[in-house]
Structures are given as structure tokens and as C-alpha cells.
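Report on one structure; see the data block that follows.
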Amino acid sequence: MLILGLESSCDETAAAVLEDGSRLLADVINSQIEVHSRYGGVVPEIASRKHVENLVPVVEEALGRAGVTLADIDGIAVTQGPGLVGCLLVAHSFAKAVSFVRKIPYVGVDHMAGHLLAIFLGPEKPDFPYLALAVSGGHTSLYRVNGPLDYHELGSTRDDAAGEAFDKVAKLLGLGYPGGPVVSKLARGGDPAAIPFPRARLAPDSLDFSFSGLKTAVAGYLQNLEKEGVAPDLPAICASFQEAVAEVLVEKTLAAARQQNLERIVLAGGVGANPRLRELLAQKGTAENKQIFLPEPRFCTDNAAMIALAGHFAFEKRATLSYDTDVYSRSPVS
């Protein structure tokens, strides 16, 4: 089965062609980072308009790279949510229009489901069930994944998501947007133990996360430096902040694996590309005899390949949509 995957939930316009759920023929992404960086974050109205401009060329490029046409496509998988509603509507409306005109069945895919299954796009594939840490700019959650269409949320963030915290701290430091890659790069030259930033662990058995206090601690630290007339040591601040985030993420993930008696752990989401998080999870997970699965960094960030893959599993269950469906801003995956 040849599936065309479409993604437009935030600021990436993406299309991919996947054959039989395993062979990725094309994966095209048009990023809007340069457009939104001047504003310090994604502007929904601008992002939606850019998707309208970019979607058709991106789809045409994906089909061209795959060496196929729409006549060869057996099914369309499109992100239905969560995300920015105006952005989601662009690809979702396109999918419905093509489906109606070309008589190609289509299915809506939850963006989080795509992240949870993205590991299957790589060479090392875990058996079910497994624990997944899904961590990005909008989400930080732990899931028990029992099968390709069976997920159960075990814990989530109570305030800022980890990626959101990275972006906000980067803004405090004047590093621009997006903050994650810049903070990670600067952190390589800093001491992760230089500044004792707090770790919010919440209740002893809680699998929820909280990063707003950490962000506030960084802001307070910078204010104190300013009062004292001391220039901030950016590498030290970035390394210490990053370590505080990674440490809590890994601790909670391993605690969840122990609670659920799961031996396999999968990392997912945009922050899953962070080198220190990958290193720490692999190190501590292996020490507890867990199997750690790390997706390729390109499949951590938003992409249409993971949407096509999730769509492949949905089509196996004949889960197609009717034309009166709509997008949603919050994920029902739980």
C-alpha cells in the first residue's frame, strides 16, 4: 500500500510517501523557522498562510522524489490534531479535497500517535508493549504503548512543556528562536553542575512534570547577576538548565518503566533530538537493564513520514474518515 502523508500542525509543511508501512520513498519538509524567528515564536496566522503557499509544491516534490503520481497513491494520511487549528486545516482540507476528487481514501492521524510510532521508521524496532517519553515544544508526556493504535497516558506536564521551557530560557538569554538547538549547542562548552537549578519532582509516585519553576529560577538567577553587575556565563547556564530538564525527564521515565514493569523505552518528539537527553537516557536506562530505542533526530521533529506510518496502521484497521470531520487543537490520545 502506497500512502501519502501530510503534516501542517505548526510551522513545518511536510509530505511523505511510504510504501507498505516500511519503505520510505520520500520525506519532504519545508520549515518556517526563518519566517517566525524575527517574532520570537510561531505566529499562527502567518504560519497558516505559509502552509497555503507551500503545501502543493511540497506534495509535488515528495511525489517526484518517490517517482509516483497521485494516481499511484492508495491512501492519504493527514494530521488531524493536535496543533494550531488554522495550520491543521490547510493539510486536512487538502486531503479531503484530493480524496473526494481522486476517490482515494484518507484517514486523520493524531500528531502524538505519529511521534509515538516514529521509532518504526528506523532500523531498530521495539516489540510491544513499550514505554514512550514524548517530549516536544507543546507536549511532555509518558505513554504506555500497547500496540500501534493502543496508547495510555501515564503522566504529563502540569505547566510548561520541556521544549517550551527551552524556548523561554533561550529568550531570557537573548538567544533567539527556536531555543532548543542554540541552548544545546552552548551547553557543550559549559559545566552542567555549575549552577544548582531546581528539579521539580512533585509527589513521590507522580509521573507528571513541571518546568515553570525551573524557568523562573533561571530568570531569578539572571536578575541577581544583573544587580551584581556580573556578565552571565552562557555555556554554564545552558548546561545547568539542560541538565535539570534532562535529569527529571530520565528519572520520571525510568520510574514509569518500573511501575509498568516495561523493559523497552522509546524516546519521541522534537526534544528527543537533544544530544544530552539521548545520552543520559541511554546511560541510565542501560544501567537498569532497559532496552533504549532512540529515533533518528530527523524523525524526532515534526515530519510527514511518521504521519504516513501512523496512517498505515489506521488503514490496516479500515479506520477511514468521512468528509464531515474536523481538526482539533488538543489530543484525545490518552
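Letters A, B, ... mark the chains of the C-alpha cells in the order given; residue numbers begin at 1 per chain; ligand numbers begin at 1, in order shown.
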Write out as a ChimeraX atom specification the residues lying within 12 Å of Gly64 of chain A, counting only C-alpha atoms and excluding same-chain residues fewer than 4 positions away.
-> /A:15-17,25-28,57-60,68-70,72
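Residues within 10 Å of Cys10 of chain A, counting only C-alpha atoms and excluding same-chain residues fewer than 2 positions away, are Glu7, Ser8, Glu12, Thr13, Ser31, Gln32, Val42, Val43, Pro44, Ala47, Ser48, His51, Pro82, Gly83, Leu84, Val85, Gly86, Cys87, Leu88 and Asp302 of chain A.
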Generate the output file for the selected residues, all heavy atoms, as a short mmCIF file (atom, residue, chain, number, x, y, z; two decimals), in the first residue's frame.
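Heads up, here's the output in result.cif:
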data_model
loop_
_atom_site.label_atom_id
_atom_site.label_comp_id
_atom_site.auth_asym_id
_atom_site.auth_seq_id
_atom_site.Cartn_x
_atom_site.Cartn_y
_atom_site.Cartn_z
N GLU A 7 1.50 16.78 6.79
CA GLU A 7 1.64 17.36 8.12
C GLU A 7 1.69 18.89 8.02
O GLU A 7 2.50 19.44 7.26
CB GLU A 7 2.91 16.83 8.80
CG GLU A 7 3.54 17.68 9.85
CD GLU A 7 2.71 17.87 11.11
OE1 GLU A 7 1.79 17.08 11.37
OE2 GLU A 7 2.99 18.83 11.84
N SER A 8 0.83 19.57 8.81
CA SER A 8 0.85 21.04 8.84
C SER A 8 0.34 21.54 10.19
O SER A 8 -0.36 22.54 10.26
CB SER A 8 0.00 21.63 7.71
OG SER A 8 -1.39 21.38 7.93
N GLU A 12 5.87 23.54 10.19
CA GLU A 12 6.50 22.76 9.14
C GLU A 12 5.44 22.25 8.18
O GLU A 12 4.45 21.64 8.62
CB GLU A 12 7.26 21.55 9.71
CG GLU A 12 8.67 21.85 10.17
CD GLU A 12 8.73 22.26 11.62
OE1 GLU A 12 7.77 21.95 12.36
OE2 GLU A 12 9.71 22.90 12.03
N THR A 13 5.65 22.50 6.91
CA THR A 13 4.79 21.93 5.88
C THR A 13 5.51 20.69 5.36
O THR A 13 6.63 20.80 4.85
CB THR A 13 4.58 22.91 4.72
OG1 THR A 13 4.24 24.20 5.23
CG2 THR A 13 3.49 22.42 3.79
N SER A 31 10.46 24.18 6.32
CA SER A 31 10.41 24.80 7.64
C SER A 31 10.20 26.31 7.52
O SER A 31 10.66 26.95 6.58
CB SER A 31 11.72 24.53 8.39
OG SER A 31 11.75 25.23 9.61
N GLN A 32 9.50 26.86 8.51
CA GLN A 32 9.23 28.29 8.55
C GLN A 32 10.05 29.01 9.63
O GLN A 32 9.69 30.12 10.04
CB GLN A 32 7.74 28.55 8.80
CG GLN A 32 6.80 27.97 7.76
CD GLN A 32 5.34 28.24 8.10
OE1 GLN A 32 5.02 29.12 8.89
NE2 GLN A 32 4.46 27.44 7.54
N VAL A 42 6.22 31.15 16.94
CA VAL A 42 5.33 30.94 15.79
C VAL A 42 4.11 31.86 15.86
O VAL A 42 3.43 31.93 16.88
CB VAL A 42 4.85 29.47 15.74
CG1 VAL A 42 3.86 29.27 14.59
CG2 VAL A 42 6.05 28.54 15.58
N VAL A 43 3.86 32.58 14.77
CA VAL A 43 2.67 33.42 14.65
C VAL A 43 1.64 32.60 13.85
O VAL A 43 1.84 32.36 12.66
CB VAL A 43 2.99 34.74 13.91
CG1 VAL A 43 1.73 35.61 13.83
CG2 VAL A 43 4.10 35.49 14.63
N PRO A 44 0.57 32.15 14.50
CA PRO A 44 -0.38 31.23 13.84
C PRO A 44 -0.91 31.70 12.50
O PRO A 44 -0.96 30.91 11.54
CB PRO A 44 -1.52 31.13 14.88
CG PRO A 44 -0.84 31.35 16.19
CD PRO A 44 0.20 32.40 15.91
N ALA A 47 1.80 31.43 9.92
CA ALA A 47 2.08 30.01 9.66
C ALA A 47 1.02 29.41 8.74
O ALA A 47 1.34 28.66 7.80
CB ALA A 47 2.14 29.24 10.98
N SER A 48 -0.25 29.72 8.99
CA SER A 48 -1.34 29.19 8.17
C SER A 48 -1.19 29.64 6.72
O SER A 48 -1.35 28.83 5.78
CB SER A 48 -2.69 29.66 8.71
OG SER A 48 -2.89 29.23 10.03
N HIS A 51 1.56 27.79 4.98
CA HIS A 51 1.16 26.42 4.62
C HIS A 51 0.39 26.42 3.30
O HIS A 51 0.58 25.52 2.46
CB HIS A 51 0.30 25.80 5.72
CG HIS A 51 1.06 25.38 6.94
ND1 HIS A 51 2.20 24.58 6.87
CD2 HIS A 51 0.85 25.62 8.26
CE1 HIS A 51 2.65 24.37 8.10
NE2 HIS A 51 1.85 24.98 8.95
N PRO A 82 -3.20 17.11 17.54
CA PRO A 82 -3.42 18.48 17.99
C PRO A 82 -2.50 19.45 17.24
O PRO A 82 -1.60 19.01 16.53
CB PRO A 82 -3.06 18.41 19.47
CG PRO A 82 -1.98 17.37 19.52
CD PRO A 82 -2.39 16.34 18.50
N GLY A 83 -2.72 20.72 17.44
CA GLY A 83 -1.89 21.73 16.79
C GLY A 83 -2.64 23.04 16.67
O GLY A 83 -3.67 23.26 17.31
N LEU A 84 -2.11 23.94 15.86
CA LEU A 84 -2.76 25.22 15.59
C LEU A 84 -3.87 24.98 14.57
O LEU A 84 -3.60 24.49 13.47
CB LEU A 84 -1.74 26.22 15.05
CG LEU A 84 -0.55 26.52 15.98
CD1 LEU A 84 0.48 27.39 15.26
CD2 LEU A 84 -1.03 27.20 17.25
N VAL A 85 -5.09 25.29 14.95
CA VAL A 85 -6.25 24.93 14.13
C VAL A 85 -6.13 25.47 12.70
O VAL A 85 -6.39 24.74 11.73
CB VAL A 85 -7.55 25.42 14.79
CG1 VAL A 85 -8.73 25.26 13.84
CG2 VAL A 85 -7.81 24.62 16.07
N GLY A 86 -5.75 26.73 12.56
CA GLY A 86 -5.63 27.30 11.22
C GLY A 86 -4.62 26.56 10.36
O GLY A 86 -4.82 26.37 9.16
N CYS A 87 -3.54 26.14 10.99
CA CYS A 87 -2.50 25.39 10.28
C CYS A 87 -2.99 23.99 9.91
O CYS A 87 -2.81 23.52 8.78
CB CYS A 87 -1.24 25.29 11.14
SG CYS A 87 -0.44 26.87 11.47
N LEU A 88 -3.61 23.32 10.86
CA LEU A 88 -4.11 21.97 10.62
C LEU A 88 -5.11 21.93 9.47
O LEU A 88 -5.13 20.99 8.67
CB LEU A 88 -4.78 21.44 11.89
CG LEU A 88 -3.87 21.06 13.05
CD1 LEU A 88 -4.68 20.95 14.33
CD2 LEU A 88 -3.16 19.74 12.77
N ASP A 302 8.83 17.43 13.82
CA ASP A 302 7.61 17.22 13.04
C ASP A 302 7.95 16.82 11.61
O ASP A 302 8.76 17.46 10.95
CB ASP A 302 6.76 18.49 13.02
CG ASP A 302 6.18 18.81 14.39
OD1 ASP A 302 6.28 17.96 15.30
OD2 ASP A 302 5.61 19.90 14.55
#
Do you have the atom CA of Ser184 of chain A-atom CA of Arg330 of chain A distance handy?
->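 It comes out at 28.3 Å.
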Residues within 9 Å of Ala246 of chain A, only C-alpha atoms, excluding chain neighbours under 4 positions, as a PDB file with all heavy atoms, in the first residue's frame:
ATOM      1  N   PHE A 241      20.922  24.335  33.043  1.00  0.00           N
ATOM      2  CA  PHE A 241      19.483  24.271  32.754  1.00  0.00           C
ATOM      3  C   PHE A 241      19.150  22.977  32.022  1.00  0.00           C
ATOM      4  O   PHE A 241      18.207  22.253  32.381  1.00  0.00           O
ATOM      5  CB  PHE A 241      19.065  25.473  31.919  1.00  0.00           C
ATOM      6  CG  PHE A 241      17.730  25.309  31.246  1.00  0.00           C
ATOM      7  CD1 PHE A 241      16.556  25.428  31.970  1.00  0.00           C
ATOM      8  CD2 PHE A 241      17.654  25.009  29.890  1.00  0.00           C
ATOM      9  CE1 PHE A 241      15.319  25.252  31.357  1.00  0.00           C
ATOM     10  CE2 PHE A 241      16.428  24.829  29.267  1.00  0.00           C
ATOM     11  CZ  PHE A 241      15.252  24.956  30.006  1.00  0.00           C
ATOM     12  N   GLN A 242      19.908  22.671  30.983  1.00  0.00           N
ATOM     13  CA  GLN A 242      19.665  21.467  30.203  1.00  0.00           C
ATOM     14  C   GLN A 242      19.750  20.222  31.068  1.00  0.00           C
ATOM     15  O   GLN A 242      18.944  19.286  30.933  1.00  0.00           O
ATOM     16  CB  GLN A 242      20.675  21.385  29.054  1.00  0.00           C
ATOM     17  CG  GLN A 242      20.555  20.129  28.197  1.00  0.00           C
ATOM     18  CD  GLN A 242      21.557  20.129  27.061  1.00  0.00           C
ATOM     19  OE1 GLN A 242      21.224  20.463  25.934  1.00  0.00           O
ATOM     20  NE2 GLN A 242      22.794  19.767  27.350  1.00  0.00           N
ATOM     21  N   VAL A 250      14.508  11.858  32.498  1.00  0.00           N
ATOM     22  CA  VAL A 250      15.012  10.485  32.572  1.00  0.00           C
ATOM     23  C   VAL A 250      14.557   9.796  33.853  1.00  0.00           C
ATOM     24  O   VAL A 250      14.142   8.624  33.834  1.00  0.00           O
ATOM     25  CB  VAL A 250      16.548  10.474  32.457  1.00  0.00           C
ATOM     26  CG1 VAL A 250      17.102   9.073  32.736  1.00  0.00           C
ATOM     27  CG2 VAL A 250      16.979  10.936  31.066  1.00  0.00           C
ATOM     28  N   GLU A 251      14.609  10.491  34.976  1.00  0.00           N
ATOM     29  CA  GLU A 251      14.180   9.898  36.250  1.00  0.00           C
ATOM     30  C   GLU A 251      12.716   9.461  36.192  1.00  0.00           C
ATOM     31  O   GLU A 251      12.370   8.357  36.613  1.00  0.00           O
ATOM     32  CB  GLU A 251      14.363  10.905  37.390  1.00  0.00           C
ATOM     33  CG  GLU A 251      15.794  11.062  37.855  1.00  0.00           C
ATOM     34  CD  GLU A 251      15.894  12.008  39.044  1.00  0.00           C
ATOM     35  OE1 GLU A 251      14.838  12.413  39.575  1.00  0.00           O
ATOM     36  OE2 GLU A 251      17.030  12.334  39.436  1.00  0.00           O
ATOM     37  N   ARG A 276      22.110  15.601  24.891  1.00  0.00           N
ATOM     38  CA  ARG A 276      22.291  15.265  26.300  1.00  0.00           C
ATOM     39  C   ARG A 276      21.167  14.377  26.814  1.00  0.00           C
ATOM     40  O   ARG A 276      21.415  13.431  27.567  1.00  0.00           O
ATOM     41  CB  ARG A 276      22.370  16.543  27.142  1.00  0.00           C
ATOM     42  CG  ARG A 276      22.556  16.287  28.644  1.00  0.00           C
ATOM     43  CD  ARG A 276      23.732  15.366  28.928  1.00  0.00           C
ATOM     44  NE  ARG A 276      23.881  15.084  30.336  1.00  0.00           N
ATOM     45  CZ  ARG A 276      24.565  14.051  30.836  1.00  0.00           C
ATOM     46  NH1 ARG A 276      25.152  13.182  30.007  1.00  0.00           N
ATOM     47  NH2 ARG A 276      24.658  13.869  32.130  1.00  0.00           N
ATOM     48  N   LEU A 277      19.941  14.635  26.410  1.00  0.00           N
ATOM     49  CA  LEU A 277      18.825  13.781  26.809  1.00  0.00           C
ATOM     50  C   LEU A 277      19.011  12.370  26.273  1.00  0.00           C
ATOM     51  O   LEU A 277      18.792  11.381  26.996  1.00  0.00           O
ATOM     52  CB  LEU A 277      17.505  14.367  26.306  1.00  0.00           C
ATOM     53  CG  LEU A 277      16.249  13.525  26.569  1.00  0.00           C
ATOM     54  CD1 LEU A 277      16.067  13.251  28.060  1.00  0.00           C
ATOM     55  CD2 LEU A 277      15.009  14.222  25.992  1.00  0.00           C
ATOM     56  N   ARG A 278      19.424  12.234  25.034  1.00  0.00           N
ATOM     57  CA  ARG A 278      19.646  10.922  24.431  1.00  0.00           C
ATOM     58  C   ARG A 278      20.759  10.170  25.180  1.00  0.00           C
ATOM     59  O   ARG A 278      20.645   8.976  25.468  1.00  0.00           O
ATOM     60  CB  ARG A 278      20.012  11.086  22.943  1.00  0.00           C
ATOM     61  CG  ARG A 278      18.890  11.677  22.114  1.00  0.00           C
ATOM     62  CD  ARG A 278      19.356  12.105  20.729  1.00  0.00           C
ATOM     63  NE  ARG A 278      19.609  10.969  19.845  1.00  0.00           N
ATOM     64  CZ  ARG A 278      18.712  10.450  19.029  1.00  0.00           C
ATOM     65  NH1 ARG A 278      17.485  10.945  18.988  1.00  0.00           N
ATOM     66  NH2 ARG A 278      19.011   9.434  18.237  1.00  0.00           N
ATOM     67  N   LEU A 280      21.884  10.688  28.315  1.00  0.00           N
ATOM     68  CA  LEU A 280      21.531  10.366  29.696  1.00  0.00           C
ATOM     69  C   LEU A 280      20.522   9.227  29.770  1.00  0.00           C
ATOM     70  O   LEU A 280      20.625   8.348  30.637  1.00  0.00           O
ATOM     71  CB  LEU A 280      20.966  11.618  30.382  1.00  0.00           C
ATOM     72  CG  LEU A 280      20.871  11.590  31.901  1.00  0.00           C
ATOM     73  CD1 LEU A 280      22.260  11.424  32.529  1.00  0.00           C
ATOM     74  CD2 LEU A 280      20.213  12.865  32.422  1.00  0.00           C
ATOM     75  N   LEU A 281      19.537   9.231  28.865  1.00  0.00           N
ATOM     76  CA  LEU A 281      18.542   8.159  28.855  1.00  0.00           C
ATOM     77  C   LEU A 281      19.194   6.824  28.516  1.00  0.00           C
ATOM     78  O   LEU A 281      18.898   5.801  29.148  1.00  0.00           O
ATOM     79  CB  LEU A 281      17.434   8.474  27.851  1.00  0.00           C
ATOM     80  CG  LEU A 281      16.311   7.440  27.747  1.00  0.00           C
ATOM     81  CD1 LEU A 281      15.609   7.263  29.091  1.00  0.00           C
ATOM     82  CD2 LEU A 281      15.301   7.850  26.672  1.00  0.00           C
TER      83      LEU A 281
END
Go through segment 59-301 of chain A and collect every residue that DSSP, computed from the backbone, puts in strand (DSSP E or B); the answer should be as a ChimeraX atom specification.
-> /A:75-81,106-110,130-135,140-147,150-157,209,264-268,291-293
Smallest atom-to-atom distance to Arg158 of chain A: which of A:Leu172, A:Ala71, A:Leu207, A:Leu309, using only C-alpha atoms?
->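 With only C-alpha atoms as the atom set, the closest residue is A:Leu207.
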So which residues touch Asp205 of chain A within 10 Å, counting only C-alpha atoms, skipping near sequence neighbours fewer than 4 positions away, as a PyMOL selection string?
-> chain A and resi 201+252+255-256+259
What's the 9 Å shell around segment 139-148 of chain A, counting only C-alpha atoms, without same-chain residues fewer than 3 positions away, as a PyMOL selection string?
-> chain A and resi 112-113+116-117+127-136+151-157+160-164+207-209+249+252-253+256-257+260+262+269+310+313-314+334
Restricting the calculation to only C-alpha atoms, which member of A:Phe94, A:Phe299, A:Phe293, A:Tyr328 is positioned closest to His115 of chain A?
-> A:Phe299
Pick out the residues sitting within 10 Å of Pro123 of chain A, and hand them over as an mmCIF file with all heavy atoms, in the first residue's frame; count only C-alpha atoms, and ignore anything fewer than 2 positions along from it in its own chain.
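The file below, selection29.cif, is the result:
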data_model
loop_
_atom_site.group_PDB
_atom_site.id
_atom_site.type_symbol
_atom_site.label_atom_id
_atom_site.label_comp_id
_atom_site.auth_asym_id
_atom_site.auth_seq_id
_atom_site.Cartn_x
_atom_site.Cartn_y
_atom_site.Cartn_z
ATOM 1 N N SER A 22 6.829 0.398 5.576
ATOM 2 C CA SER A 22 8.229 0.153 5.930
ATOM 3 C C SER A 22 9.236 0.848 5.026
ATOM 4 O O SER A 22 10.339 1.189 5.475
ATOM 5 C CB SER A 22 8.515 -1.352 5.907
ATOM 6 O OG SER A 22 8.259 -1.894 4.624
ATOM 7 N N ILE A 119 9.588 5.671 15.870
ATOM 8 C CA ILE A 119 10.730 4.770 16.036
ATOM 9 C C ILE A 119 10.723 3.666 14.983
ATOM 10 O O ILE A 119 11.778 3.143 14.602
ATOM 11 C CB ILE A 119 10.738 4.159 17.461
ATOM 12 C CG1 ILE A 119 12.039 3.416 17.723
ATOM 13 C CG2 ILE A 119 9.523 3.261 17.675
ATOM 14 C CD1 ILE A 119 13.266 4.285 17.755
ATOM 15 N N PHE A 120 9.544 3.313 14.457
ATOM 16 C CA PHE A 120 9.450 2.237 13.468
ATOM 17 C C PHE A 120 9.923 2.672 12.078
ATOM 18 O O PHE A 120 9.975 1.850 11.157
ATOM 19 C CB PHE A 120 8.013 1.711 13.389
ATOM 20 C CG PHE A 120 7.592 0.954 14.616
ATOM 21 C CD1 PHE A 120 6.895 1.589 15.623
ATOM 22 C CD2 PHE A 120 7.937 -0.373 14.779
ATOM 23 C CE1 PHE A 120 6.522 0.918 16.777
ATOM 24 C CE2 PHE A 120 7.574 -1.068 15.915
ATOM 25 C CZ PHE A 120 6.865 -0.421 16.928
ATOM 26 N N LEU A 121 10.292 3.944 11.927
ATOM 27 C CA LEU A 121 10.855 4.407 10.664
ATOM 28 C C LEU A 121 12.341 4.090 10.575
ATOM 29 O O LEU A 121 12.945 4.212 9.512
ATOM 30 C CB LEU A 121 10.645 5.921 10.521
ATOM 31 C CG LEU A 121 9.198 6.385 10.346
ATOM 32 C CD1 LEU A 121 9.102 7.897 10.519
ATOM 33 C CD2 LEU A 121 8.652 5.958 8.987
ATOM 34 N N LYS A 125 13.529 -1.661 15.732
ATOM 35 C CA LYS A 125 12.108 -1.545 16.038
ATOM 36 C C LYS A 125 11.780 -2.316 17.315
ATOM 37 O O LYS A 125 12.099 -3.497 17.419
ATOM 38 C CB LYS A 125 11.273 -2.070 14.869
ATOM 39 C CG LYS A 125 11.505 -1.314 13.565
ATOM 40 C CD LYS A 125 10.802 -1.979 12.403
ATOM 41 C CE LYS A 125 10.934 -1.173 11.120
ATOM 42 N NZ LYS A 125 12.309 -0.916 10.712
ATOM 43 N N PRO A 126 11.146 -1.668 18.275
ATOM 44 C CA PRO A 126 10.812 -2.353 19.525
ATOM 45 C C PRO A 126 9.588 -3.248 19.378
ATOM 46 O O PRO A 126 8.749 -3.034 18.495
ATOM 47 C CB PRO A 126 10.511 -1.192 20.481
ATOM 48 C CG PRO A 126 9.941 -0.134 19.581
ATOM 49 C CD PRO A 126 10.705 -0.251 18.287
ATOM 50 N N PRO A 295 15.032 7.279 18.161
ATOM 51 C CA PRO A 295 14.808 7.520 16.726
ATOM 52 C C PRO A 295 15.867 8.436 16.145
ATOM 53 O O PRO A 295 16.529 9.187 16.874
ATOM 54 C CB PRO A 295 13.430 8.187 16.695
ATOM 55 C CG PRO A 295 13.316 8.848 18.018
ATOM 56 C CD PRO A 295 14.037 7.954 19.001
ATOM 57 N N GLU A 296 16.042 8.370 14.857
ATOM 58 C CA GLU A 296 16.946 9.307 14.196
ATOM 59 C C GLU A 296 16.446 10.729 14.480
ATOM 60 O O GLU A 296 15.228 10.971 14.502
ATOM 61 C CB GLU A 296 16.947 9.073 12.683
ATOM 62 C CG GLU A 296 17.512 7.728 12.250
ATOM 63 C CD GLU A 296 17.428 7.551 10.744
ATOM 64 O OE1 GLU A 296 17.648 8.557 10.025
ATOM 65 O OE2 GLU A 296 17.134 6.439 10.291
#
Can you work out which one of A:Leu222, A:Gly229, A:Ser240, A:Ile29 has the shortest atom-to-atom distance to Ala194 of chain A, counting only C-alpha atoms?
->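 Using only C-alpha atoms, Ala194 of chain A sits closest to A:Ser240.
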For Ala165 of chain A: contacts at 10 Å, only C-alpha atoms, fewer than 4 positions along chain excluded, given as a VMD selection string = chain A and resid 136 to 138 159 to 161 169 to 171 179 to 180 210 to 216 241 to 242 245
Find the residue from A:Val35, A:Asn274, A:Ala219, A:Val98 that sits nearest to Lys185 of chain A; use only C-alpha atoms when measuring.
-> A:Asn274
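Taking only C-alpha atoms into account, Pro178 of chain A lies nearest to A:Tyr39 out of the set A:Tyr323, A:Tyr39, A:Phe315, A:Phe100.
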Nearest to Ser9 of chain A: which of A:Ala203, A:Ile307, A:Leu186, A:Leu254 is it, counting only C-alpha atoms?
->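 Looking only at the distances to Ser9 of chain A, the closest residue turns out to be A:Ile307.
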